[in-house]
$ cat work28.pdb   # PDB, C-alpha atoms, pLDDT in the B column
MODEL        1
ATOM      1  CA  MET K  19     -37.198 -45.703 -59.146  1.00 89.00           C
ATOM      2  CA  ARG K  20     -36.785 -42.431 -60.990  1.00 89.00           C
ATOM      3  CA  ASP K  21     -33.587 -41.571 -59.108  1.00 90.00           C
ATOM      4  CA  LEU K  22     -31.992 -45.016 -59.183  1.00 92.00           C
ATOM      5  CA  SER K  23     -32.890 -46.168 -62.721  1.00 93.00           C
ATOM      6  CA  PRO K  24     -30.150 -44.134 -64.476  1.00 91.00           C
ATOM      7  CA  ARG K  25     -27.502 -45.679 -62.212  1.00 92.00           C
ATOM      8  CA  ILE K  26     -28.874 -49.158 -62.850  1.00 93.00           C
ATOM      9  CA  GLN K  27     -28.875 -48.504 -66.601  1.00 92.00           C
ATOM     10  CA  VAL K  28     -25.178 -47.643 -66.465  1.00 90.00           C
ATOM     11  CA  ALA K  29     -24.473 -50.859 -64.544  1.00 88.00           C
ATOM     12  CA  ILE K  30     -26.418 -53.131 -66.919  1.00 90.00           C
ATOM     13  CA  ARG K  31     -25.491 -51.484 -70.242  1.00 87.00           C
ATOM     14  CA  PRO K  32     -22.426 -53.734 -70.828  1.00 82.00           C
ATOM     15  CA  TYR K  33     -24.753 -56.758 -70.847  1.00 83.00           C
ATOM     16  CA  ALA K  34     -27.282 -55.319 -73.315  1.00 84.00           C
ATOM     17  CA  LEU K  35     -27.415 -55.291 -77.108  1.00 82.00           C
ATOM     18  CA  ASP K  36     -28.864 -51.804 -77.496  1.00 83.00           C
ATOM     19  CA  ASP K  37     -30.954 -49.162 -75.728  1.00 84.00           C
ATOM     20  CA  ASP K  38     -34.162 -51.157 -76.161  1.00 88.00           C
ATOM     21  CA  ASP K  39     -32.491 -54.160 -74.562  1.00 86.00           C
ATOM     22  CA  VAL K  40     -31.291 -51.960 -71.682  1.00 89.00           C
ATOM     23  CA  ASN K  41     -34.880 -50.841 -71.089  1.00 92.00           C
ATOM     24  CA  ASP K  42     -36.167 -54.433 -71.197  1.00 92.00           C
ATOM     25  CA  ILE K  43     -33.514 -55.596 -68.752  1.00 94.00           C
ATOM     26  CA  LEU K  44     -34.208 -52.585 -66.521  1.00 95.00           C
ATOM     27  CA  GLN K  45     -37.860 -53.638 -66.254  1.00 95.00           C
ATOM     28  CA  GLU K  46     -36.773 -57.148 -65.280  1.00 94.00           C
ATOM     29  CA  CYS K  47     -34.409 -55.632 -62.719  1.00 95.00           C
ATOM     30  CA  TRP K  48     -37.169 -53.662 -61.013  1.00 96.00           C
ATOM     31  CA  ILE K  49     -39.407 -56.722 -60.940  1.00 95.00           C
ATOM     32  CA  ARG K  50     -36.610 -58.725 -59.298  1.00 95.00           C
ATOM     33  CA  ILE K  51     -35.814 -55.907 -56.863  1.00 95.00           C
ATOM     34  CA  LEU K  52     -39.443 -55.682 -55.787  1.00 95.00           C
ATOM     35  CA  ASN K  53     -39.774 -59.464 -55.491  1.00 95.00           C
ATOM     36  CA  ARG K  54     -36.586 -59.666 -53.396  1.00 92.00           C
ATOM     37  CA  LEU K  55     -37.182 -56.580 -51.276  1.00 92.00           C
ATOM     38  CA  ASP K  56     -37.551 -58.719 -48.151  1.00 91.00           C
ATOM     39  CA  SER K  57     -33.968 -59.976 -48.595  1.00 90.00           C
ATOM     40  CA  PHE K  58     -32.514 -56.463 -48.306  1.00 91.00           C
ATOM     41  CA  ARG K  59     -30.806 -56.501 -44.889  1.00 87.00           C
ATOM     42  CA  ARG K  60     -30.696 -52.738 -44.403  1.00 85.00           C
ATOM     43  CA  ASP K  61     -27.077 -52.951 -43.216  1.00 85.00           C
ATOM     44  CA  GLY K  62     -25.871 -51.202 -46.361  1.00 84.00           C
ATOM     45  CA  SER K  63     -26.991 -48.890 -49.085  1.00 90.00           C
ATOM     46  CA  PHE K  64     -30.247 -49.750 -50.843  1.00 93.00           C
ATOM     47  CA  ALA K  65     -28.802 -48.370 -54.066  1.00 92.00           C
ATOM     48  CA  ALA K  66     -25.767 -50.667 -53.879  1.00 91.00           C
ATOM     49  CA  TRP K  67     -27.989 -53.667 -53.153  1.00 93.00           C
ATOM     50  CA  ALA K  68     -30.379 -52.791 -56.004  1.00 94.00           C
ATOM     51  CA  ILE K  69     -27.487 -52.347 -58.450  1.00 93.00           C
ATOM     52  CA  THR K  70     -26.039 -55.729 -57.422  1.00 92.00           C
ATOM     53  CA  VAL K  71     -29.412 -57.388 -57.961  1.00 94.00           C
ATOM     54  CA  SER K  72     -29.686 -55.645 -61.320  1.00 94.00           C
ATOM     55  CA  LYS K  73     -26.243 -56.767 -62.453  1.00 92.00           C
ATOM     56  CA  ASN K  74     -27.208 -60.340 -61.617  1.00 92.00           C
ATOM     57  CA  VAL K  75     -30.382 -60.016 -63.692  1.00 93.00           C
ATOM     58  CA  ALA K  76     -28.393 -58.559 -66.599  1.00 91.00           C
ATOM     59  CA  ARG K  77     -25.739 -61.292 -66.403  1.00 89.00           C
ATOM     60  CA  LYS K  78     -28.428 -63.949 -66.463  1.00 87.00           C
ATOM     61  CA  ALA K  79     -30.003 -62.347 -69.550  1.00 85.00           C
ATOM     62  CA  TRP K  80     -26.587 -62.136 -71.213  1.00 84.00           C
ATOM     63  CA  ARG K  81     -25.784 -65.818 -70.511  1.00 81.00           C
ATOM     64  CA  LYS K  82     -29.181 -66.844 -71.872  1.00 79.00           C
ATOM     65  CA  ARG K  83     -28.572 -64.803 -75.029  1.00 78.00           C
ATOM     66  CA  LYS K  84     -25.146 -66.415 -75.497  1.00 75.00           C
ATOM     67  CA  ARG K  85     -26.694 -69.913 -75.298  1.00 72.00           C
ATOM     68  CA  VAL K  86     -29.254 -68.937 -77.927  1.00 73.00           C
ATOM     69  CA  GLU K  87     -26.562 -67.421 -80.154  1.00 71.00           C
ATOM     70  CA  ALA K  88     -24.475 -70.573 -79.915  1.00 68.00           C
ATOM     71  CA  ALA K  89     -27.476 -72.698 -80.844  1.00 67.00           C
ATOM     72  CA  ALA K  90     -28.323 -70.423 -83.773  1.00 64.00           C
ATOM     73  CA  ALA K  91     -24.740 -70.552 -85.012  1.00 63.00           C
ATOM     74  CA  LEU K  92     -24.734 -74.318 -84.739  1.00 57.00           C
ATOM     75  CA  LEU K  93     -28.022 -74.588 -86.588  1.00 56.00           C
ATOM     76  CA  LYS K  94     -26.915 -72.183 -89.307  1.00 56.00           C
ATOM     77  CA  HIS K  95     -23.253 -73.089 -89.710  1.00 54.00           C
ATOM     78  CA  GLY K  96     -22.923 -76.505 -88.058  1.00 49.00           C
ATOM     79  CA  SER K  97     -22.044 -78.340 -91.258  1.00 45.00           C
ATOM     80  CA  GLN K  98     -19.501 -75.805 -92.543  1.00 50.00           C
ATOM     81  CA  THR K  99     -15.752 -76.207 -92.257  1.00 47.00           C
ATOM     82  CA  ALA K 100     -13.776 -74.434 -89.558  1.00 49.00           C
ATOM     83  CA  ASP K 101     -11.924 -72.284 -92.121  1.00 53.00           C
ATOM     84  CA  HIS K 102     -15.133 -70.903 -93.615  1.00 56.00           C
ATOM     85  CA  VAL K 103     -15.235 -67.127 -93.264  1.00 59.00           C
ATOM     86  CA  PRO K 104     -18.777 -65.796 -93.636  1.00 60.00           C
ATOM     87  CA  ASP K 105     -19.315 -62.776 -95.838  1.00 68.00           C
ATOM     88  CA  PRO K 106     -20.840 -59.606 -94.318  1.00 76.00           C
ATOM     89  CA  GLU K 107     -24.313 -60.554 -95.558  1.00 76.00           C
ATOM     90  CA  GLU K 108     -24.057 -63.918 -93.766  1.00 72.00           C
ATOM     91  CA  VAL K 109     -22.908 -62.172 -90.583  1.00 72.00           C
ATOM     92  CA  LEU K 110     -25.899 -59.805 -90.688  1.00 78.00           C
ATOM     93  CA  SER K 111     -28.242 -62.706 -91.349  1.00 75.00           C
ATOM     94  CA  LEU K 112     -26.815 -64.650 -88.417  1.00 74.00           C
ATOM     95  CA  GLN K 113     -27.141 -61.618 -86.127  1.00 78.00           C
ATOM     96  CA  LEU K 114     -30.775 -61.221 -87.142  1.00 82.00           C
ATOM     97  CA  GLN K 115     -31.437 -64.911 -86.529  1.00 80.00           C
ATOM     98  CA  ARG K 116     -29.819 -64.689 -83.108  1.00 78.00           C
ATOM     99  CA  ARG K 117     -31.959 -61.716 -82.197  1.00 83.00           C
ATOM    100  CA  ILE K 118     -35.125 -63.437 -83.408  1.00 85.00           C
ATOM    101  CA  LEU K 119     -34.355 -66.607 -81.439  1.00 82.00           C
ATOM    102  CA  SER K 120     -33.360 -64.664 -78.349  1.00 82.00           C
ATOM    103  CA  GLU K 121     -36.544 -62.589 -78.435  1.00 85.00           C
ATOM    104  CA  ALA K 122     -38.686 -65.660 -79.089  1.00 86.00           C
ATOM    105  CA  LEU K 123     -37.205 -67.552 -76.153  1.00 85.00           C
ATOM    106  CA  ALA K 124     -37.554 -64.489 -73.933  1.00 86.00           C
ATOM    107  CA  ARG K 125     -41.300 -64.436 -74.682  1.00 89.00           C
ATOM    108  CA  LEU K 126     -41.779 -67.970 -73.354  1.00 90.00           C
ATOM    109  CA  PRO K 127     -42.761 -68.584 -69.736  1.00 91.00           C
ATOM    110  CA  ASP K 128     -39.699 -69.390 -67.601  1.00 87.00           C
ATOM    111  CA  ARG K 129     -40.488 -73.092 -67.184  1.00 89.00           C
ATOM    112  CA  GLU K 130     -41.008 -73.620 -70.927  1.00 91.00           C
ATOM    113  CA  ARG K 131     -37.896 -71.628 -71.818  1.00 87.00           C
ATOM    114  CA  ASP K 132     -35.835 -73.694 -69.368  1.00 86.00           C
ATOM    115  CA  VAL K 133     -37.082 -76.931 -70.919  1.00 89.00           C
ATOM    116  CA  VAL K 134     -36.266 -75.713 -74.443  1.00 85.00           C
ATOM    117  CA  VAL K 135     -32.768 -74.634 -73.398  1.00 81.00           C
ATOM    118  CA  LEU K 136     -31.988 -77.877 -71.587  1.00 83.00           C
ATOM    119  CA  ARG K 137     -33.565 -80.280 -74.096  1.00 85.00           C
ATOM    120  CA  LEU K 138     -32.912 -78.632 -77.439  1.00 80.00           C
ATOM    121  CA  LEU K 139     -29.998 -76.271 -76.954  1.00 76.00           C
ATOM    122  CA  GLU K 140     -27.978 -78.260 -74.424  1.00 74.00           C
ATOM    123  CA  GLY K 141     -29.148 -81.656 -75.713  1.00 78.00           C
ATOM    124  CA  ARG K 142     -30.050 -83.147 -72.343  1.00 81.00           C
ATOM    125  CA  SER K 143     -32.303 -86.163 -72.064  1.00 85.00           C
ATOM    126  CA  ALA K 144     -35.910 -85.844 -70.942  1.00 87.00           C
ATOM    127  CA  ALA K 145     -35.003 -87.459 -67.599  1.00 90.00           C
ATOM    128  CA  ASP K 146     -32.049 -85.100 -67.005  1.00 87.00           C
ATOM    129  CA  THR K 147     -34.157 -82.093 -67.927  1.00 87.00           C
ATOM    130  CA  ALA K 148     -36.962 -83.155 -65.610  1.00 90.00           C
ATOM    131  CA  ALA K 149     -34.542 -83.768 -62.737  1.00 88.00           C
ATOM    132  CA  ALA K 150     -32.796 -80.421 -63.248  1.00 85.00           C
ATOM    133  CA  LEU K 151     -36.118 -78.590 -63.161  1.00 86.00           C
ATOM    134  CA  GLY K 152     -37.683 -80.610 -60.354  1.00 89.00           C
ATOM    135  CA  MET K 153     -40.546 -81.970 -62.430  1.00 92.00           C
ATOM    136  CA  SER K 154     -41.671 -85.295 -63.804  1.00 94.00           C
ATOM    137  CA  VAL K 155     -40.538 -86.457 -67.236  1.00 93.00           C
ATOM    138  CA  ARG K 156     -44.149 -86.229 -68.375  1.00 95.00           C
ATOM    139  CA  ALA K 157     -44.410 -82.608 -67.184  1.00 95.00           C
ATOM    140  CA  ALA K 158     -41.109 -81.738 -68.918  1.00 93.00           C
ATOM    141  CA  ARG K 159     -42.366 -83.219 -72.185  1.00 93.00           C
ATOM    142  CA  ALA K 160     -45.650 -81.344 -71.860  1.00 95.00           C
ATOM    143  CA  ALA K 161     -43.773 -78.085 -71.203  1.00 94.00           C
ATOM    144  CA  LEU K 162     -41.614 -78.700 -74.282  1.00 91.00           C
ATOM    145  CA  ASP K 163     -44.726 -79.357 -76.385  1.00 92.00           C
ATOM    146  CA  ARG K 164     -46.312 -76.115 -75.150  1.00 94.00           C
ATOM    147  CA  ALA K 165     -43.113 -74.178 -75.812  1.00 91.00           C
ATOM    148  CA  MET K 166     -42.782 -75.536 -79.337  1.00 88.00           C
ATOM    149  CA  HIS K 167     -46.426 -74.728 -80.031  1.00 90.00           C
ATOM    150  CA  ARG K 168     -45.853 -71.155 -78.834  1.00 91.00           C
ATOM    151  CA  LEU K 169     -42.648 -70.820 -80.868  1.00 87.00           C
ATOM    152  CA  ARG K 170     -44.306 -72.129 -84.044  1.00 85.00           C
ATOM    153  CA  GLY K 171     -47.050 -69.562 -83.468  1.00 89.00           C
ATOM    154  CA  MET K 172     -44.587 -66.677 -83.587  1.00 89.00           C
ATOM    155  CA  LYS K 173     -44.461 -65.149 -87.062  1.00 88.00           C
ATOM    156  CA  ALA K 174     -40.741 -64.320 -86.942  1.00 85.00           C
ATOM    157  CA  VAL K 175     -39.843 -67.869 -85.889  1.00 83.00           C
ATOM    158  CA  ARG K 176     -41.979 -69.337 -88.680  1.00 81.00           C
ATOM    159  CA  ARG K 177     -40.095 -67.179 -91.202  1.00 81.00           C
ATOM    160  CA  LEU K 178     -36.790 -68.368 -89.744  1.00 77.00           C
ATOM    161  CA  LEU K 179     -37.828 -71.999 -90.032  1.00 72.00           C
ATOM    162  CA  ILE K 180     -38.814 -71.476 -93.672  1.00 72.00           C
ATOM    163  CA  GLU K 181     -35.454 -69.790 -94.331  1.00 70.00           C
ATOM    164  CA  TRP K 182     -33.526 -72.647 -92.680  1.00 66.00           C
ATOM    165  CA  ASP K 183     -35.527 -75.174 -94.672  1.00 58.00           C
ATOM    166  CA  GLY K 184     -34.500 -73.466 -97.891  1.00 55.00           C
ATOM    167  CA  GLY K 185     -37.898 -71.950 -98.617  1.00 49.00           C
ATOM    168  CA  ASN K 186     -39.658 -75.300 -98.957  1.00 45.00           C
TER     169      ASN K 186
ENDMDL
END
$ encode --input "work28.pdb" --output "structure tokens"
Amino acid sequence: MRDLSPRIQVAIRPYALDDDDVNDILQECWIRILNRLDSFRRDGSFAAWAITVSKNVARKAWRKRKRVEAAAALLKHGSQTADHVPDPEEVLSLQLQRRILSEALARLPDRERDVVVLRLLEGRSAADTAAALGMSVRAARAALDRAMHRLRGMKAVRRLLIEWDGGN
């Protein structure tokens, strides 16, 4: 791990926001590498295989972040005209909101995060969400309820909700 981690960091850096994000993704990479160790065929370099696995983990994290950013932008600026140019303070605020939402979703268990993304961010029906995740509609609704309870319990998300509601 000590020898290969710097090479993995170089490979995943383009998908990360900052050094802290690189370290978080690197941890996820090593978890995935260890969980998938039995799929390494030993017909090539372990380092090359581990870097490929790591890039896939980083790409998945990047795609997830982009979905969250799009949802945050829609929530924040959905009613504004297309020619509206946000001032620098708005841009910073939006970046902070994106980071908060991304971090909050990342803290959810995978199943709950998937339900939130499909139902709330992609706007799928309960039946479509359940089918996509291989669960019953009732289980999908329960997972969404648990996820929303967890999200409302996060201090940063509560502050965001108050801000979006105009402080009321």
$ closest_residue --input "work28.pdb" --among "K:Glu107, K:Asp36, K:Glu130, K:Glu87" --to "K:Asp163" --atoms "all atoms listed in the file"
K:Glu130
$ closest_residue --input "work28.pdb" --among "K:Ile30, K:Ala165, K:Ala158, K:Leu35" --to "K:Val75" --atoms "all atoms listed in the file"
K:Ile30
$ residues_near_point --input "work28.pdb" --point "(-25.7, -46.1, -62.9)" --cutoff "12 Å" --atoms "only C-alpha atoms" --output "list in words"
Arg20, Asp21, Leu22, Ser23, Pro24, Arg25, Ile26, Gln27, Val28, Ala29, Ile30, Arg31, Pro32, Val40, Leu44, Ala65, Ala66, Ala68, Ile69, Thr70, Ser72 and Lys73 of chain K
$ resolve_selection --input "work28.pdb" --expression "the PyMOL selection byres ((chain K and resi 50) around 12)" --output "VMD selection string"
chain K and resid 43 to 49 51 to 58 67 to 76
$ write_last_selection --input "work28.pdb" --atoms "C-alpha atoms" --output "CSV table (one decimal), in the frame of the given file"
chain,number,residue,atom,x,y,z
K,43,ILE,CA,-33.5,-55.6,-68.8
K,44,LEU,CA,-34.2,-52.6,-66.5
K,45,GLN,CA,-37.9,-53.6,-66.3
K,46,GLU,CA,-36.8,-57.1,-65.3
K,47,CYS,CA,-34.4,-55.6,-62.7
K,48,TRP,CA,-37.2,-53.7,-61.0
K,49,ILE,CA,-39.4,-56.7,-60.9
K,51,ILE,CA,-35.8,-55.9,-56.9
K,52,LEU,CA,-39.4,-55.7,-55.8
K,53,ASN,CA,-39.8,-59.5,-55.5
K,54,ARG,CA,-36.6,-59.7,-53.4
K,55,LEU,CA,-37.2,-56.6,-51.3
K,56,ASP,CA,-37.6,-58.7,-48.2
K,57,SER,CA,-34.0,-60.0,-48.6
K,58,PHE,CA,-32.5,-56.5,-48.3
K,67,TRP,CA,-28.0,-53.7,-53.2
K,68,ALA,CA,-30.4,-52.8,-56.0
K,69,ILE,CA,-27.5,-52.3,-58.4
K,70,THR,CA,-26.0,-55.7,-57.4
K,71,VAL,CA,-29.4,-57.4,-58.0
K,72,SER,CA,-29.7,-55.6,-61.3
K,73,LYS,CA,-26.2,-56.8,-62.5
K,74,ASN,CA,-27.2,-60.3,-61.6
K,75,VAL,CA,-30.4,-60.0,-63.7
K,76,ALA,CA,-28.4,-58.6,-66.6
$ atom_distance --input "work28.pdb" --atom1 "atom CA of K:Ala34" --atom2 "atom CA of K:Glu181"
26.8 Å
$ atom_distance --input "work28.pdb" --atom1 "atom CA of K:Leu136" --atom2 "atom CA of K:Arg170"
18.4 Å
$ closest_residue --input "work28.pdb" --among "K:Gln113, K:Ala161, K:Glu108, K:Leu119" --to "K:Lys82" --atoms "only C-alpha atoms"
K:Leu119
$ atom_distance --input "work28.pdb" --atom1 "atom CA of K:Val175" --atom2 "atom CA of K:Gln115"
8.9 Å
$ resolve_selection --input "work28.pdb" --expression "the PyMOL selection byres ((chain K and resi 148) around 12)" --output "PDB file with C-alpha atoms, keeping the file's coordinate frame"
ATOM      1  CA  ARG K 129     -40.488 -73.092 -67.184  1.00 89.00           C
ATOM      2  CA  GLU K 130     -41.008 -73.620 -70.927  1.00 91.00           C
ATOM      3  CA  ASP K 132     -35.835 -73.694 -69.368  1.00 86.00           C
ATOM      4  CA  VAL K 133     -37.082 -76.931 -70.919  1.00 89.00           C
ATOM      5  CA  VAL K 134     -36.266 -75.713 -74.443  1.00 85.00           C
ATOM      6  CA  LEU K 136     -31.988 -77.877 -71.587  1.00 83.00           C
ATOM      7  CA  ARG K 137     -33.565 -80.280 -74.096  1.00 85.00           C
ATOM      8  CA  ARG K 142     -30.050 -83.147 -72.343  1.00 81.00           C
ATOM      9  CA  SER K 143     -32.303 -86.163 -72.064  1.00 85.00           C
ATOM     10  CA  ALA K 144     -35.910 -85.844 -70.942  1.00 87.00           C
ATOM     11  CA  ALA K 145     -35.003 -87.459 -67.599  1.00 90.00           C
ATOM     12  CA  ASP K 146     -32.049 -85.100 -67.005  1.00 87.00           C
ATOM     13  CA  THR K 147     -34.157 -82.093 -67.927  1.00 87.00           C
ATOM     14  CA  ALA K 149     -34.542 -83.768 -62.737  1.00 88.00           C
ATOM     15  CA  ALA K 150     -32.796 -80.421 -63.248  1.00 85.00           C
ATOM     16  CA  LEU K 151     -36.118 -78.590 -63.161  1.00 86.00           C
ATOM     17  CA  GLY K 152     -37.683 -80.610 -60.354  1.00 89.00           C
ATOM     18  CA  MET K 153     -40.546 -81.970 -62.430  1.00 92.00           C
ATOM     19  CA  SER K 154     -41.671 -85.295 -63.804  1.00 94.00           C
ATOM     20  CA  VAL K 155     -40.538 -86.457 -67.236  1.00 93.00           C
ATOM     21  CA  ARG K 156     -44.149 -86.229 -68.375  1.00 95.00           C
ATOM     22  CA  ALA K 157     -44.410 -82.608 -67.184  1.00 95.00           C
ATOM     23  CA  ALA K 158     -41.109 -81.738 -68.918  1.00 93.00           C
ATOM     24  CA  ARG K 159     -42.366 -83.219 -72.185  1.00 93.00           C
ATOM     25  CA  ALA K 160     -45.650 -81.344 -71.860  1.00 95.00           C
ATOM     26  CA  ALA K 161     -43.773 -78.085 -71.203  1.00 94.00           C
ATOM     27  CA  LEU K 162     -41.614 -78.700 -74.282  1.00 91.00           C
TER      28      LEU K 162
END
$ residues_near_point --input "work28.pdb" --point "(-39.4, -68.9, -88.2)" --cutoff "12 Å" --atoms "only C-alpha atoms" --output "PyMOL selection string"
chain K and resi 114-119+121-122+166+168-185
$ write_last_selection --input "work28.pdb" --atoms "C-alpha atoms" --output "compact mmCIF listing (two decimals), in the coordinates of the input"
# COMPACT_ATOMS: atom_id res chain seq x y z
CA LEU K 114 -30.78 -61.22 -87.14
CA GLN K 115 -31.44 -64.91 -86.53
CA ARG K 116 -29.82 -64.69 -83.11
CA ARG K 117 -31.96 -61.72 -82.20
CA ILE K 118 -35.12 -63.44 -83.41
CA LEU K 119 -34.35 -66.61 -81.44
CA GLU K 121 -36.54 -62.59 -78.44
CA ALA K 122 -38.69 -65.66 -79.09
CA MET K 166 -42.78 -75.54 -79.34
CA ARG K 168 -45.85 -71.16 -78.83
CA LEU K 169 -42.65 -70.82 -80.87
CA ARG K 170 -44.31 -72.13 -84.04
CA GLY K 171 -47.05 -69.56 -83.47
CA MET K 172 -44.59 -66.68 -83.59
CA LYS K 173 -44.46 -65.15 -87.06
CA ALA K 174 -40.74 -64.32 -86.94
CA VAL K 175 -39.84 -67.87 -85.89
CA ARG K 176 -41.98 -69.34 -88.68
CA ARG K 177 -40.10 -67.18 -91.20
CA LEU K 178 -36.79 -68.37 -89.74
CA LEU K 179 -37.83 -72.00 -90.03
CA ILE K 180 -38.81 -71.48 -93.67
CA GLU K 181 -35.45 -69.79 -94.33
CA TRP K 182 -33.53 -72.65 -92.68
CA ASP K 183 -35.53 -75.17 -94.67
CA GLY K 184 -34.50 -73.47 -97.89
CA GLY K 185 -37.90 -71.95 -98.62
$ build_atoms --input "work28.pdb" --residues "stretch 156-172 of chain K" --atoms "N, CA and C atoms" --output "PDB file, keeping the file's coordinate frame"
ATOM      1  N   ARG K 156     -42.910 -86.537 -67.655  1.00 95.00           N
ATOM      2  CA  ARG K 156     -44.149 -86.229 -68.375  1.00 95.00           C
ATOM      3  C   ARG K 156     -44.414 -84.719 -68.396  1.00 95.00           C
ATOM      4  N   ALA K 157     -44.206 -84.057 -67.259  1.00 95.00           N
ATOM      5  CA  ALA K 157     -44.410 -82.608 -67.184  1.00 95.00           C
ATOM      6  C   ALA K 157     -43.383 -81.871 -68.048  1.00 95.00           C
ATOM      7  N   ALA K 158     -42.136 -82.363 -68.083  1.00 93.00           N
ATOM      8  CA  ALA K 158     -41.109 -81.738 -68.918  1.00 93.00           C
ATOM      9  C   ALA K 158     -41.476 -81.865 -70.396  1.00 93.00           C
ATOM     10  N   ARG K 159     -41.959 -83.031 -70.788  1.00 93.00           N
ATOM     11  CA  ARG K 159     -42.366 -83.219 -72.185  1.00 93.00           C
ATOM     12  C   ARG K 159     -43.552 -82.322 -72.539  1.00 93.00           C
ATOM     13  N   ALA K 160     -44.489 -82.207 -71.618  1.00 95.00           N
ATOM     14  CA  ALA K 160     -45.650 -81.344 -71.860  1.00 95.00           C
ATOM     15  C   ALA K 160     -45.211 -79.883 -71.982  1.00 95.00           C
ATOM     16  N   ALA K 161     -44.278 -79.459 -71.139  1.00 94.00           N
ATOM     17  CA  ALA K 161     -43.773 -78.085 -71.203  1.00 94.00           C
ATOM     18  C   ALA K 161     -43.050 -77.843 -72.531  1.00 94.00           C
ATOM     19  N   LEU K 162     -42.300 -78.839 -72.995  1.00 91.00           N
ATOM     20  CA  LEU K 162     -41.614 -78.700 -74.282  1.00 91.00           C
ATOM     21  C   LEU K 162     -42.632 -78.605 -75.422  1.00 91.00           C
ATOM     22  N   ASP K 163     -43.674 -79.415 -75.360  1.00 92.00           N
ATOM     23  CA  ASP K 163     -44.726 -79.357 -76.385  1.00 92.00           C
ATOM     24  C   ASP K 163     -45.391 -77.978 -76.407  1.00 92.00           C
ATOM     25  N   ARG K 164     -45.697 -77.445 -75.218  1.00 94.00           N
ATOM     26  CA  ARG K 164     -46.312 -76.115 -75.150  1.00 94.00           C
ATOM     27  C   ARG K 164     -45.370 -75.056 -75.701  1.00 94.00           C
ATOM     28  N   ALA K 165     -44.092 -75.159 -75.342  1.00 91.00           N
ATOM     29  CA  ALA K 165     -43.113 -74.178 -75.812  1.00 91.00           C
ATOM     30  C   ALA K 165     -42.988 -74.223 -77.331  1.00 91.00           C
ATOM     31  N   MET K 166     -42.920 -75.415 -77.883  1.00 88.00           N
ATOM     32  CA  MET K 166     -42.782 -75.536 -79.337  1.00 88.00           C
ATOM     33  C   MET K 166     -44.032 -75.010 -80.039  1.00 88.00           C
ATOM     34  N   HIS K 167     -45.184 -75.253 -79.460  1.00 90.00           N
ATOM     35  CA  HIS K 167     -46.426 -74.728 -80.031  1.00 90.00           C
ATOM     36  C   HIS K 167     -46.394 -73.199 -80.036  1.00 90.00           C
ATOM     37  N   ARG K 168     -45.950 -72.621 -78.917  1.00 91.00           N
ATOM     38  CA  ARG K 168     -45.853 -71.155 -78.834  1.00 91.00           C
ATOM     39  C   ARG K 168     -44.842 -70.619 -79.851  1.00 91.00           C
ATOM     40  N   LEU K 169     -43.686 -71.278 -79.940  1.00 87.00           N
ATOM     41  CA  LEU K 169     -42.648 -70.820 -80.868  1.00 87.00           C
ATOM     42  C   LEU K 169     -43.130 -70.900 -82.314  1.00 87.00           C
ATOM     43  N   ARG K 170     -43.789 -71.994 -82.679  1.00 85.00           N
ATOM     44  CA  ARG K 170     -44.306 -72.129 -84.044  1.00 85.00           C
ATOM     45  C   ARG K 170     -45.377 -71.084 -84.333  1.00 85.00           C
ATOM     46  N   GLY K 171     -46.027 -70.585 -83.307  1.00 89.00           N
ATOM     47  CA  GLY K 171     -47.050 -69.562 -83.468  1.00 89.00           C
ATOM     48  C   GLY K 171     -46.497 -68.157 -83.649  1.00 89.00           C
ATOM     49  N   MET K 172     -45.208 -67.992 -83.441  1.00 89.00           N
ATOM     50  CA  MET K 172     -44.587 -66.677 -83.587  1.00 89.00           C
ATOM     51  C   MET K 172     -44.175 -66.479 -85.043  1.00 89.00           C
TER      52      MET K 172
END
